[in-house]
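Trainee: Sharing start32.csv, CSV, C-alpha atoms:
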chain,number,residue,atom,x,y,z
A,1,MET,CA,0.0,0.0,0.0
A,2,PRO,CA,2.7,2.6,0.8
A,3,LEU,CA,4.3,1.9,-2.6
A,4,ALA,CA,0.9,2.3,-4.4
A,5,ALA,CA,0.3,5.5,-2.5
A,6,LEU,CA,3.7,6.8,-3.6
A,7,VAL,CA,3.1,5.9,-7.2
A,8,LEU,CA,-0.4,7.6,-7.1
A,9,LEU,CA,1.2,10.7,-5.5
A,10,VAL,CA,3.8,11.0,-8.3
A,11,LEU,CA,1.3,10.4,-11.1
A,12,THR,CA,-1.4,12.8,-9.9
A,13,GLY,CA,1.1,15.4,-8.7
A,14,THR,CA,2.8,15.4,-12.1
A,15,LEU,CA,-0.3,15.5,-14.2
A,16,VAL,CA,-2.3,18.1,-12.3
A,17,PRO,CA,-1.2,21.7,-13.1
A,18,ILE,CA,-1.1,24.7,-10.9
A,19,ASN,CA,-1.4,28.2,-12.5
A,20,ARG,CA,-2.6,26.5,-15.6
A,21,LYS,CA,-3.6,29.9,-17.1
A,22,PHE,CA,0.0,31.1,-17.1
A,23,ARG,CA,1.3,32.4,-20.4
A,24,GLU,CA,4.7,33.7,-21.3
A,25,THR,CA,5.4,37.4,-21.6
A,26,PRO,CA,6.7,38.3,-25.1
A,27,GLY,CA,10.1,39.8,-24.8
A,28,GLY,CA,10.0,39.0,-21.1
A,29,ILE,CA,12.9,38.0,-18.7
A,30,PRO,CA,14.4,34.6,-19.6
A,31,VAL,CA,14.4,31.9,-17.0
A,32,PHE,CA,15.2,28.2,-17.4
A,33,VAL,CA,14.4,24.9,-15.6
A,34,VAL,CA,17.3,22.5,-16.2
A,35,SER,CA,17.3,18.8,-15.2
A,36,ASN,CA,20.1,16.2,-15.1
A,37,GLY,CA,17.5,13.5,-14.9
A,38,LEU,CA,17.3,13.4,-11.1
A,39,HIS,CA,17.6,17.0,-9.9
A,40,THR,CA,16.4,20.3,-11.2
A,41,ASP,CA,18.0,23.8,-11.1
A,42,ILE,CA,16.5,27.2,-11.9
A,43,VAL,CA,18.7,29.4,-14.1
A,44,VAL,CA,18.2,33.2,-14.2
A,45,PRO,CA,20.1,36.3,-15.4
A,46,THR,CA,23.0,37.3,-13.1
A,47,GLN,CA,21.9,40.9,-13.6
A,48,GLU,CA,18.5,42.0,-14.7
A,49,ALA,CA,18.1,45.7,-15.6
A,50,ARG,CA,14.2,45.8,-15.6
A,51,THR,CA,14.1,44.7,-11.9
A,52,ASP,CA,17.4,46.2,-10.9
A,53,LEU,CA,18.3,42.7,-9.5
A,54,ASP,CA,22.0,41.8,-9.3
A,55,TRP,CA,22.8,38.4,-7.6
A,56,ARG,CA,26.6,39.0,-7.4
A,57,PRO,CA,26.7,41.2,-4.2
A,58,LEU,CA,24.5,38.7,-2.4
A,59,LEU,CA,26.6,35.7,-3.4
A,60,THR,CA,30.1,37.3,-2.7
A,61,ALA,CA,31.4,37.0,0.8
A,62,PRO,CA,34.7,38.4,2.1
A,63,SER,CA,36.2,34.9,2.2
A,64,GLN,CA,35.0,34.1,-1.4
A,65,PRO,CA,36.7,35.4,-4.6
A,66,ALA,CA,34.5,37.8,-6.6
A,67,ARG,CA,32.8,36.2,-9.5
A,68,PRO,CA,33.7,37.7,-12.9
A,69,ALA,CA,31.1,39.6,-14.8
A,70,ALA,CA,31.6,37.2,-17.7
A,71,TYR,CA,29.0,34.9,-16.3
A,72,PRO,CA,25.6,36.3,-17.5
A,73,PHE,CA,23.5,33.5,-15.9
A,74,VAL,CA,23.4,31.8,-12.5
A,75,ALA,CA,21.8,28.5,-11.6
A,76,PHE,CA,20.2,27.7,-8.2
A,77,GLY,CA,19.5,24.3,-6.8
A,78,TRP,CA,18.4,23.3,-3.3
A,79,GLY,CA,19.0,19.8,-1.9
A,80,ASN,CA,20.1,17.4,0.8
A,81,ALA,CA,23.5,18.3,2.2
A,82,GLY,CA,24.5,14.7,2.4
A,83,PHE,CA,23.6,14.1,-1.2
A,84,TYR,CA,25.7,17.0,-2.3
A,85,ARG,CA,28.7,15.9,-0.2
A,86,SER,CA,28.5,12.3,-1.5
A,87,SER,CA,28.3,13.6,-5.1
A,88,ARG,CA,31.8,15.1,-5.0
A,89,GLY,CA,34.1,13.7,-7.7
A,90,GLY,CA,31.1,12.5,-9.8
A,91,HIS,CA,30.2,9.8,-7.2
A,92,THR,CA,26.7,8.5,-6.8
A,93,PRO,CA,25.3,8.8,-3.3
A,94,GLY,CA,25.1,5.4,-1.5
A,95,VAL,CA,22.0,3.6,-0.1
A,96,GLY,CA,22.8,4.9,3.4
A,97,THR,CA,22.8,8.5,2.2
A,98,THR,CA,19.5,7.9,0.3
A,99,LEU,CA,17.8,6.4,3.3
A,100,ARG,CA,18.9,9.1,5.7
A,101,ALA,CA,17.5,11.7,3.2
A,102,ALA,CA,14.0,10.2,3.6
A,103,LEU,CA,13.9,11.8,7.1
A,104,PRO,CA,14.2,15.5,7.8
A,105,SER,CA,17.8,16.5,7.2
A,106,PRO,CA,20.0,19.5,6.6
A,107,THR,CA,20.1,21.3,3.2
A,108,LEU,CA,22.4,23.4,1.1
A,109,LEU,CA,21.9,25.6,-1.9
A,110,HIS,CA,24.2,24.9,-4.9
A,111,VAL,CA,25.0,28.0,-7.0
A,112,SER,CA,26.6,27.6,-10.5
A,113,TRP,CA,27.8,30.5,-12.7
A,114,CYS,CA,27.0,30.0,-16.4
A,115,ALA,CA,28.8,31.5,-19.4
A,116,GLY,CA,25.6,31.6,-21.4
A,117,PRO,CA,21.9,30.4,-21.3
A,118,PRO,CA,21.3,26.6,-21.2
A,119,GLN,CA,21.3,25.0,-24.6
A,120,PRO,CA,17.9,23.7,-25.8
A,121,SER,CA,17.3,20.0,-25.0
A,122,THR,CA,14.7,17.7,-23.7
A,123,ARG,CA,16.0,18.4,-20.2
A,124,VAL,CA,15.8,22.2,-20.5
A,125,ALA,CA,12.6,24.3,-20.3
A,126,ALA,CA,12.9,28.0,-21.3
A,127,LEU,CA,10.3,30.6,-20.2
A,128,ARG,CA,9.9,34.4,-20.7
A,129,ILE,CA,8.2,36.0,-17.7
A,130,SER,CA,7.1,39.4,-16.6
A,131,ALA,CA,9.1,41.6,-14.3
A,132,ALA,CA,6.6,41.1,-11.5
A,133,GLN,CA,6.8,37.3,-11.9
A,134,TYR,CA,10.6,37.5,-11.9
A,135,GLU,CA,10.7,39.5,-8.7
A,136,ALA,CA,8.4,37.0,-7.0
A,137,LEU,CA,10.6,34.1,-8.2
A,138,ALA,CA,13.8,35.8,-7.0
A,139,ALA,CA,12.2,36.6,-3.6
A,140,THR,CA,11.4,33.0,-3.0
A,141,ILE,CA,14.9,31.9,-4.0
A,142,ARG,CA,16.4,34.5,-1.7
A,143,ALA,CA,14.3,33.3,1.2
A,144,SER,CA,15.8,29.9,0.8
A,145,PHE,CA,19.3,31.1,1.8
A,146,GLN,CA,20.6,31.7,5.3
A,147,ALA,CA,21.9,35.3,5.4
A,148,ASP,CA,24.4,37.2,7.5
A,149,SER,CA,23.8,40.4,9.4
A,150,VAL,CA,24.2,42.6,6.3
A,151,GLY,CA,22.0,40.3,4.1
A,152,ARG,CA,24.7,38.4,2.2
A,153,PHE,CA,24.2,34.7,1.8
A,154,VAL,CA,26.3,32.5,4.1
A,155,PRO,CA,28.8,30.2,2.2
A,156,ALA,CA,28.9,26.6,3.3
A,157,VAL,CA,32.2,25.1,4.6
A,158,MET,CA,32.0,22.6,1.7
A,159,LEU,CA,33.7,23.8,-1.5
A,160,GLY,CA,32.0,23.7,-4.9
A,161,TYR,CA,32.6,21.0,-7.4
A,162,THR,CA,34.5,23.4,-9.8
A,163,ALA,CA,35.7,27.0,-9.8
A,164,GLN,CA,32.4,28.0,-11.3
A,165,ASP,CA,30.1,26.9,-8.5
A,166,GLN,CA,29.8,27.0,-4.7
A,167,PHE,CA,27.5,26.0,-1.9
A,168,PHE,CA,25.6,28.1,0.6
A,169,GLU,CA,23.8,27.4,3.8
A,170,ALA,CA,20.1,26.9,3.2
A,171,ARG,CA,16.8,27.1,5.1
A,172,GLY,CA,14.4,24.2,5.3
A,173,ARG,CA,14.7,20.5,5.8
A,174,TYR,CA,14.9,17.9,3.1
A,175,HIS,CA,12.8,14.7,3.4
A,176,VAL,CA,10.9,12.3,1.2
A,177,LEU,CA,7.9,14.7,0.8
A,178,ARG,CA,10.1,17.8,0.3
A,179,THR,CA,12.7,17.0,-2.3
A,180,CYS,CA,15.0,19.2,-4.4
A,181,ASN,CA,12.4,19.0,-7.2
A,182,ASP,CA,9.6,20.1,-4.9
A,183,TRP,CA,11.8,23.1,-4.1
A,184,THR,CA,12.1,24.0,-7.8
A,185,ASN,CA,8.4,23.4,-8.3
A,186,ARG,CA,7.5,25.7,-5.3
A,187,ILE,CA,9.7,28.5,-6.7
A,188,LEU,CA,7.7,28.3,-10.0
A,189,ARG,CA,4.3,28.0,-8.3
A,190,ARG,CA,4.8,31.0,-6.0
A,191,ALA,CA,5.9,33.2,-8.9
A,192,GLY,CA,2.6,32.4,-10.6
A,193,LEU,CA,4.2,30.2,-13.3
A,194,ARG,CA,2.8,26.8,-14.4
A,195,ALA,CA,3.9,24.1,-12.0
A,196,ALA,CA,2.9,20.6,-10.9
A,197,LEU,CA,0.6,19.9,-8.0
A,198,LYS,CA,3.4,17.8,-6.5
A,199,ALA,CA,6.8,17.3,-8.0
A,200,PRO,CA,9.0,14.8,-6.2
A,201,LEU,CA,10.8,13.9,-9.5
A,202,ALA,CA,12.6,16.1,-12.0
A,203,GLY,CA,10.3,14.8,-14.8
A,204,SER,CA,7.3,16.1,-12.8
A,205,VAL,CA,8.7,19.7,-12.9
A,206,LEU,CA,9.6,19.6,-16.5
A,207,TYR,CA,6.3,18.0,-17.6
A,208,GLN,CA,4.3,21.0,-16.6
A,209,VAL,CA,6.8,23.7,-17.6
A,210,GLN,CA,7.1,22.1,-21.1
A,211,HIS,CA,3.3,22.3,-21.5
A,212,VAL,CA,3.2,26.1,-21.3
A,213,PRO,CA,1.9,27.3,-24.7
A,214,LYS,CA,4.8,29.0,-26.5
A,215,THR,CA,4.7,32.6,-27.6
A,216,ARG,CA,5.8,33.7,-31.1
A,217,ASN,CA,7.9,36.6,-30.0
A,218,HIS,CA,10.9,35.6,-27.9
Take the structure in the file and give it back as structure tokens.
Mentor:
Amino acid sequence: MPLAALVLLVLTGTLVPINRKFRETPGGIPVFVVSNGLHTDIVVPTQEARTDLDWRPLLTAPSQPARPAAYPFVAFGWGNAGFYRSSRGGHTPGVGTTLRAALPSPTLLHVSWCAGPPQPSTRVAALRISAAQYEALAATIRASFQADSVGRFVPAVMLGYTAQDQFFEARGRYHVLRTCNDWTNRILRRAGLRAALKAPLAGSVLYQVQHVPKTRNH
């Protein structure tokens, strides 16, 4: 029965849309949902003139090297701290890490600097959204970070996988009913974008975003 309930949750959560009337904004701000098959990230402009939002001051701490302006996009992903640590060096987290993640556990935010927008593929969903929607999306992302006394995000002790990414301390607990993909889905939903009713899997998030009717003017 528990397995049947989980399958039902995945199917119904994936297929039932939230904000089904969402339509893209022609010429709007570009945002992307990117999947590696298991995990999803949200990719946004590093600087956005229409909303006057620049992520670099928030993501640069005195102990961290400044990120060059050559990176026009930045990717955000939230997840289980143990998963991220176990994934270093391209490793796959073990059974023990997976089982521990089913219970409420600490989280981190993974931030990656991107030299350009994600390239189109079956695992990339591109949207154009309004300034108001982008401000709402960015506010929910910001609220997921732990911040210091001056509002800058707190770097994690763990180093990034490469020179173009880093980890930050996050708010919230990871568990079987609140996964990394649920986080992505919640960011979309709270910004008024099309999202799934429940999205424990990466495919659940992409399924709804990829069903947004496309505008002619991008």
Trainee: Please indicate the distance in Å from CA of Gln47 in chain A to CA of Pro72 in chain A, rounded to one decimal place.
Mentor: 7.1 Å
Trainee: I'd like to know which of A:Val176, A:Leu53, A:Leu188, A:Glu169 is closest to Leu201 in chain A, using only C-alpha atoms.
Mentor: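 Among A:Val176, A:Leu53, A:Leu188, A:Glu169, it is A:Val176 that comes nearest to Leu201 in chain A.
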Trainee: Could I get the residues of range 18-92 of chain A with an atom no further than 8 Å from an atom of range 131-155 of chain A, each paired with its nearest atom pair and that distance in Å to one decimal, using all atoms listed in the file, sorted by chain and residue number, as CSV?
Mentor:
residue,atom,partner,partner_atom,distance
A:Gly28,CA,A:Ala131,CA,7.3
A:Ile29,CA,A:Ala131,CA,6.8
A:Arg50,CA,A:Ala131,CA,6.7
A:Thr51,CA,A:Ala131,CA,6.4
A:Pro57,CA,A:Arg152,CA,7.3
A:Leu58,CA,A:Arg152,CA,4.6
A:Leu59,CA,A:Phe153,CA,5.8
A:Thr60,CA,A:Arg152,CA,7.4
A:Ala61,CA,A:Arg152,CA,7.0
A:Phe76,CA,A:Ile141,CA,8.0
Trainee: Rounded to one decimal, what separation in Å do you get between CA of Pro26 in chain A and CA of Leu193 in chain A?
Mentor: 14.5 Å
Trainee: My list of candidates is A:Trp113, A:Phe32, A:Tyr174, A:Phe168. Which is closest to Phe83 in chain A when distances are computed with only C-alpha atoms?
Mentor: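 For Phe83 in chain A, the nearest of the given residues is A:Tyr174.
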Trainee: Excluding Ser112 in chain A and its own-chain neighbours fewer than 3 positions away, which residues fall within 6 Å of it when counting only C-alpha atoms? Please give them as an mmCIF file with C-alpha atoms, keeping the file's coordinate frame.
Mentor:
data_model
loop_
_atom_site.group_PDB
_atom_site.id
_atom_site.type_symbol
_atom_site.label_atom_id
_atom_site.label_comp_id
_atom_site.auth_asym_id
_atom_site.auth_seq_id
_atom_site.Cartn_x
_atom_site.Cartn_y
_atom_site.Cartn_z
ATOM 1 C CA VAL A 74 23.400 31.800 -12.500
ATOM 2 C CA ALA A 75 21.800 28.500 -11.600
ATOM 3 C CA GLN A 164 32.400 28.000 -11.300
ATOM 4 C CA ASP A 165 30.100 26.900 -8.500
#
Trainee: Just want the 7 Å neighbourhood of Val209 in chain A, counted on only C-alpha atoms, with same-chain residues fewer than 2 positions away dropped. Output as a list in words.
Mentor: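 The neighbour list is Ala125, Arg194, Ala195, Val205, Leu206, Tyr207, His211 and Val212 of chain A.
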Trainee: For a cut-off of 7 Å around (21.1, 23.6, 8.0), file coordinates, pick out all residues using all atoms listed in the file and list them as a list in words.
Mentor: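 Within the cut-off we find Pro106, Thr107, Glu169, Ala170 and Arg171 of chain A.
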Trainee: For the residues in the current selection, export C-alpha atoms as a PDB file, in the coordinates of the input.
Mentor:
ATOM      1  CA  PRO A 106      20.000  19.500   6.600  1.00  0.00           C
ATOM      2  CA  THR A 107      20.100  21.300   3.200  1.00  0.00           C
ATOM      3  CA  GLU A 169      23.800  27.400   3.800  1.00  0.00           C
ATOM      4  CA  ALA A 170      20.100  26.900   3.200  1.00  0.00           C
ATOM      5  CA  ARG A 171      16.800  27.100   5.100  1.00  0.00           C
TER       6      ARG A 171
END
Trainee: Check the smallest atom-to-atom distance from each of A:Arg128, A:Arg123, A:Arg56, A:Arg173 to Leu109 in chain A using only C-alpha atoms, then report the winner.
Mentor: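 Of all the options, A:Arg173 lies closest to Leu109 in chain A.
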Trainee: Residues near Ile18 in chain A, anyone? I mean within 10 Å using all atoms listed in the file, not counting same-chain ones fewer than 3 positions away, as a PyMOL selection string.
Mentor: chain A and resi 13+15+21-22+185+188-190+192-198+208
Trainee: Please write range 148-172 of chain A of the preceding block to a file containing N, CA, C and O atoms, as a PDB file, in the first residue's frame?
Mentor:
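As a result, decode35.pdb now contains:
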ATOM      1  N   ASP A 148      23.687  36.592   6.407  1.00  0.00           N
ATOM      2  CA  ASP A 148      24.417  37.168   7.535  1.00  0.00           C
ATOM      3  C   ASP A 148      23.769  38.488   7.951  1.00  0.00           C
ATOM      4  O   ASP A 148      22.694  38.859   7.454  1.00  0.00           O
ATOM      5  N   SER A 149      24.439  39.229   8.839  1.00  0.00           N
ATOM      6  CA  SER A 149      23.841  40.440   9.413  1.00  0.00           C
ATOM      7  C   SER A 149      23.646  41.561   8.406  1.00  0.00           C
ATOM      8  O   SER A 149      22.870  42.480   8.644  1.00  0.00           O
ATOM      9  N   VAL A 150      24.362  41.512   7.274  1.00  0.00           N
ATOM     10  CA  VAL A 150      24.204  42.550   6.255  1.00  0.00           C
ATOM     11  C   VAL A 150      23.446  42.029   5.035  1.00  0.00           C
ATOM     12  O   VAL A 150      23.397  42.699   4.000  1.00  0.00           O
ATOM     13  N   GLY A 151      22.868  40.846   5.154  1.00  0.00           N
ATOM     14  CA  GLY A 151      22.017  40.327   4.097  1.00  0.00           C
ATOM     15  C   GLY A 151      22.697  39.478   3.052  1.00  0.00           C
ATOM     16  O   GLY A 151      22.036  38.999   2.123  1.00  0.00           O
ATOM     17  N   ARG A 152      24.028  39.276   3.163  1.00  0.00           N
ATOM     18  CA  ARG A 152      24.705  38.410   2.202  1.00  0.00           C
ATOM     19  C   ARG A 152      24.481  36.949   2.565  1.00  0.00           C
ATOM     20  O   ARG A 152      24.365  36.597   3.745  1.00  0.00           O
ATOM     21  N   PHE A 153      24.432  36.116   1.561  1.00  0.00           N
ATOM     22  CA  PHE A 153      24.210  34.698   1.787  1.00  0.00           C
ATOM     23  C   PHE A 153      25.450  34.062   2.415  1.00  0.00           C
ATOM     24  O   PHE A 153      26.582  34.447   2.114  1.00  0.00           O
ATOM     25  N   VAL A 154      25.228  33.085   3.290  1.00  0.00           N
ATOM     26  CA  VAL A 154      26.301  32.477   4.076  1.00  0.00           C
ATOM     27  C   VAL A 154      26.910  31.298   3.325  1.00  0.00           C
ATOM     28  O   VAL A 154      26.226  30.300   3.081  1.00  0.00           O
ATOM     29  N   PRO A 155      28.200  31.371   2.929  1.00  0.00           N
ATOM     30  CA  PRO A 155      28.825  30.242   2.236  1.00  0.00           C
ATOM     31  C   PRO A 155      28.915  29.020   3.143  1.00  0.00           C
ATOM     32  O   PRO A 155      29.131  29.135   4.355  1.00  0.00           O
ATOM     33  N   ALA A 156      28.759  27.853   2.571  1.00  0.00           N
ATOM     34  CA  ALA A 156      28.937  26.608   3.313  1.00  0.00           C
ATOM     35  C   ALA A 156      30.422  26.304   3.439  1.00  0.00           C
ATOM     36  O   ALA A 156      31.248  26.797   2.661  1.00  0.00           O
ATOM     37  N   VAL A 157      30.771  25.486   4.411  1.00  0.00           N
ATOM     38  CA  VAL A 157      32.159  25.076   4.576  1.00  0.00           C
ATOM     39  C   VAL A 157      32.613  24.255   3.379  1.00  0.00           C
ATOM     40  O   VAL A 157      33.763  24.326   2.954  1.00  0.00           O
ATOM     41  N   MET A 158      31.701  23.495   2.794  1.00  0.00           N
ATOM     42  CA  MET A 158      32.035  22.640   1.661  1.00  0.00           C
ATOM     43  C   MET A 158      32.317  23.465   0.415  1.00  0.00           C
ATOM     44  O   MET A 158      31.548  24.357   0.058  1.00  0.00           O
ATOM     45  N   LEU A 159      33.419  23.168  -0.261  1.00  0.00           N
ATOM     46  CA  LEU A 159      33.749  23.847  -1.501  1.00  0.00           C
ATOM     47  C   LEU A 159      32.860  23.355  -2.636  1.00  0.00           C
ATOM     48  O   LEU A 159      32.263  22.279  -2.563  1.00  0.00           O
ATOM     49  N   GLY A 160      32.798  24.137  -3.716  1.00  0.00           N
ATOM     50  CA  GLY A 160      32.038  23.718  -4.885  1.00  0.00           C
ATOM     51  C   GLY A 160      32.738  22.599  -5.628  1.00  0.00           C
ATOM     52  O   GLY A 160      33.879  22.220  -5.334  1.00  0.00           O
ATOM     53  N   TYR A 161      32.060  22.061  -6.628  1.00  0.00           N
ATOM     54  CA  TYR A 161      32.639  20.996  -7.444  1.00  0.00           C
ATOM     55  C   TYR A 161      33.723  21.529  -8.382  1.00  0.00           C
ATOM     56  O   TYR A 161      34.659  20.824  -8.740  1.00  0.00           O
ATOM     57  N   THR A 162      33.573  22.780  -8.810  1.00  0.00           N
ATOM     58  CA  THR A 162      34.505  23.392  -9.758  1.00  0.00           C
ATOM     59  C   THR A 162      34.750  24.834  -9.319  1.00  0.00           C
ATOM     60  O   THR A 162      34.230  25.294  -8.294  1.00  0.00           O
ATOM     61  N   ALA A 163      35.512  25.577 -10.128  1.00  0.00           N
ATOM     62  CA  ALA A 163      35.749  26.993  -9.848  1.00  0.00           C
ATOM     63  C   ALA A 163      34.541  27.852 -10.181  1.00  0.00           C
ATOM     64  O   ALA A 163      34.507  29.036  -9.838  1.00  0.00           O
ATOM     65  N   GLN A 164      33.550  27.285 -10.854  1.00  0.00           N
ATOM     66  CA  GLN A 164      32.365  28.041 -11.282  1.00  0.00           C
ATOM     67  C   GLN A 164      31.129  27.747 -10.441  1.00  0.00           C
ATOM     68  O   GLN A 164      30.017  28.078 -10.838  1.00  0.00           O
ATOM     69  N   ASP A 165      31.295  27.108  -9.301  1.00  0.00           N
ATOM     70  CA  ASP A 165      30.128  26.857  -8.453  1.00  0.00           C
ATOM     71  C   ASP A 165      30.541  26.877  -6.992  1.00  0.00           C
ATOM     72  O   ASP A 165      31.715  26.758  -6.658  1.00  0.00           O
ATOM     73  N   GLN A 166      29.550  27.054  -6.135  1.00  0.00           N
ATOM     74  CA  GLN A 166      29.795  27.049  -4.702  1.00  0.00           C
ATOM     75  C   GLN A 166      28.505  26.704  -3.967  1.00  0.00           C
ATOM     76  O   GLN A 166      27.407  26.779  -4.529  1.00  0.00           O
ATOM     77  N   PHE A 167      28.673  26.333  -2.695  1.00  0.00           N
ATOM     78  CA  PHE A 167      27.533  25.962  -1.860  1.00  0.00           C
ATOM     79  C   PHE A 167      27.303  27.019  -0.789  1.00  0.00           C
ATOM     80  O   PHE A 167      28.240  27.659  -0.311  1.00  0.00           O
ATOM     81  N   PHE A 168      26.018  27.170  -0.420  1.00  0.00           N
ATOM     82  CA  PHE A 168      25.625  28.116   0.615  1.00  0.00           C
ATOM     83  C   PHE A 168      24.701  27.420   1.611  1.00  0.00           C
ATOM     84  O   PHE A 168      23.991  26.465   1.259  1.00  0.00           O
ATOM     85  N   GLU A 169      24.720  27.927   2.830  1.00  0.00           N
ATOM     86  CA  GLU A 169      23.806  27.409   3.846  1.00  0.00           C
ATOM     87  C   GLU A 169      22.363  27.741   3.460  1.00  0.00           C
ATOM     88  O   GLU A 169      22.088  28.859   2.993  1.00  0.00           O
ATOM     89  N   ALA A 170      21.476  26.771   3.633  1.00  0.00           N
ATOM     90  CA  ALA A 170      20.090  26.935   3.186  1.00  0.00           C
ATOM     91  C   ALA A 170      19.114  26.823   4.350  1.00  0.00           C
ATOM     92  O   ALA A 170      19.435  26.291   5.420  1.00  0.00           O
ATOM     93  N   ARG A 171      17.941  27.315   4.121  1.00  0.00           N
ATOM     94  CA  ARG A 171      16.830  27.144   5.050  1.00  0.00           C
ATOM     95  C   ARG A 171      16.014  25.927   4.627  1.00  0.00           C
ATOM     96  O   ARG A 171      15.982  25.573   3.456  1.00  0.00           O
ATOM     97  N   GLY A 172      15.316  25.356   5.573  1.00  0.00           N
ATOM     98  CA  GLY A 172      14.427  24.243   5.276  1.00  0.00           C
ATOM     99  C   GLY A 172      15.096  22.890   5.457  1.00  0.00           C
ATOM    100  O   GLY A 172      16.323  22.779   5.443  1.00  0.00           O
TER     101      GLY A 172
END
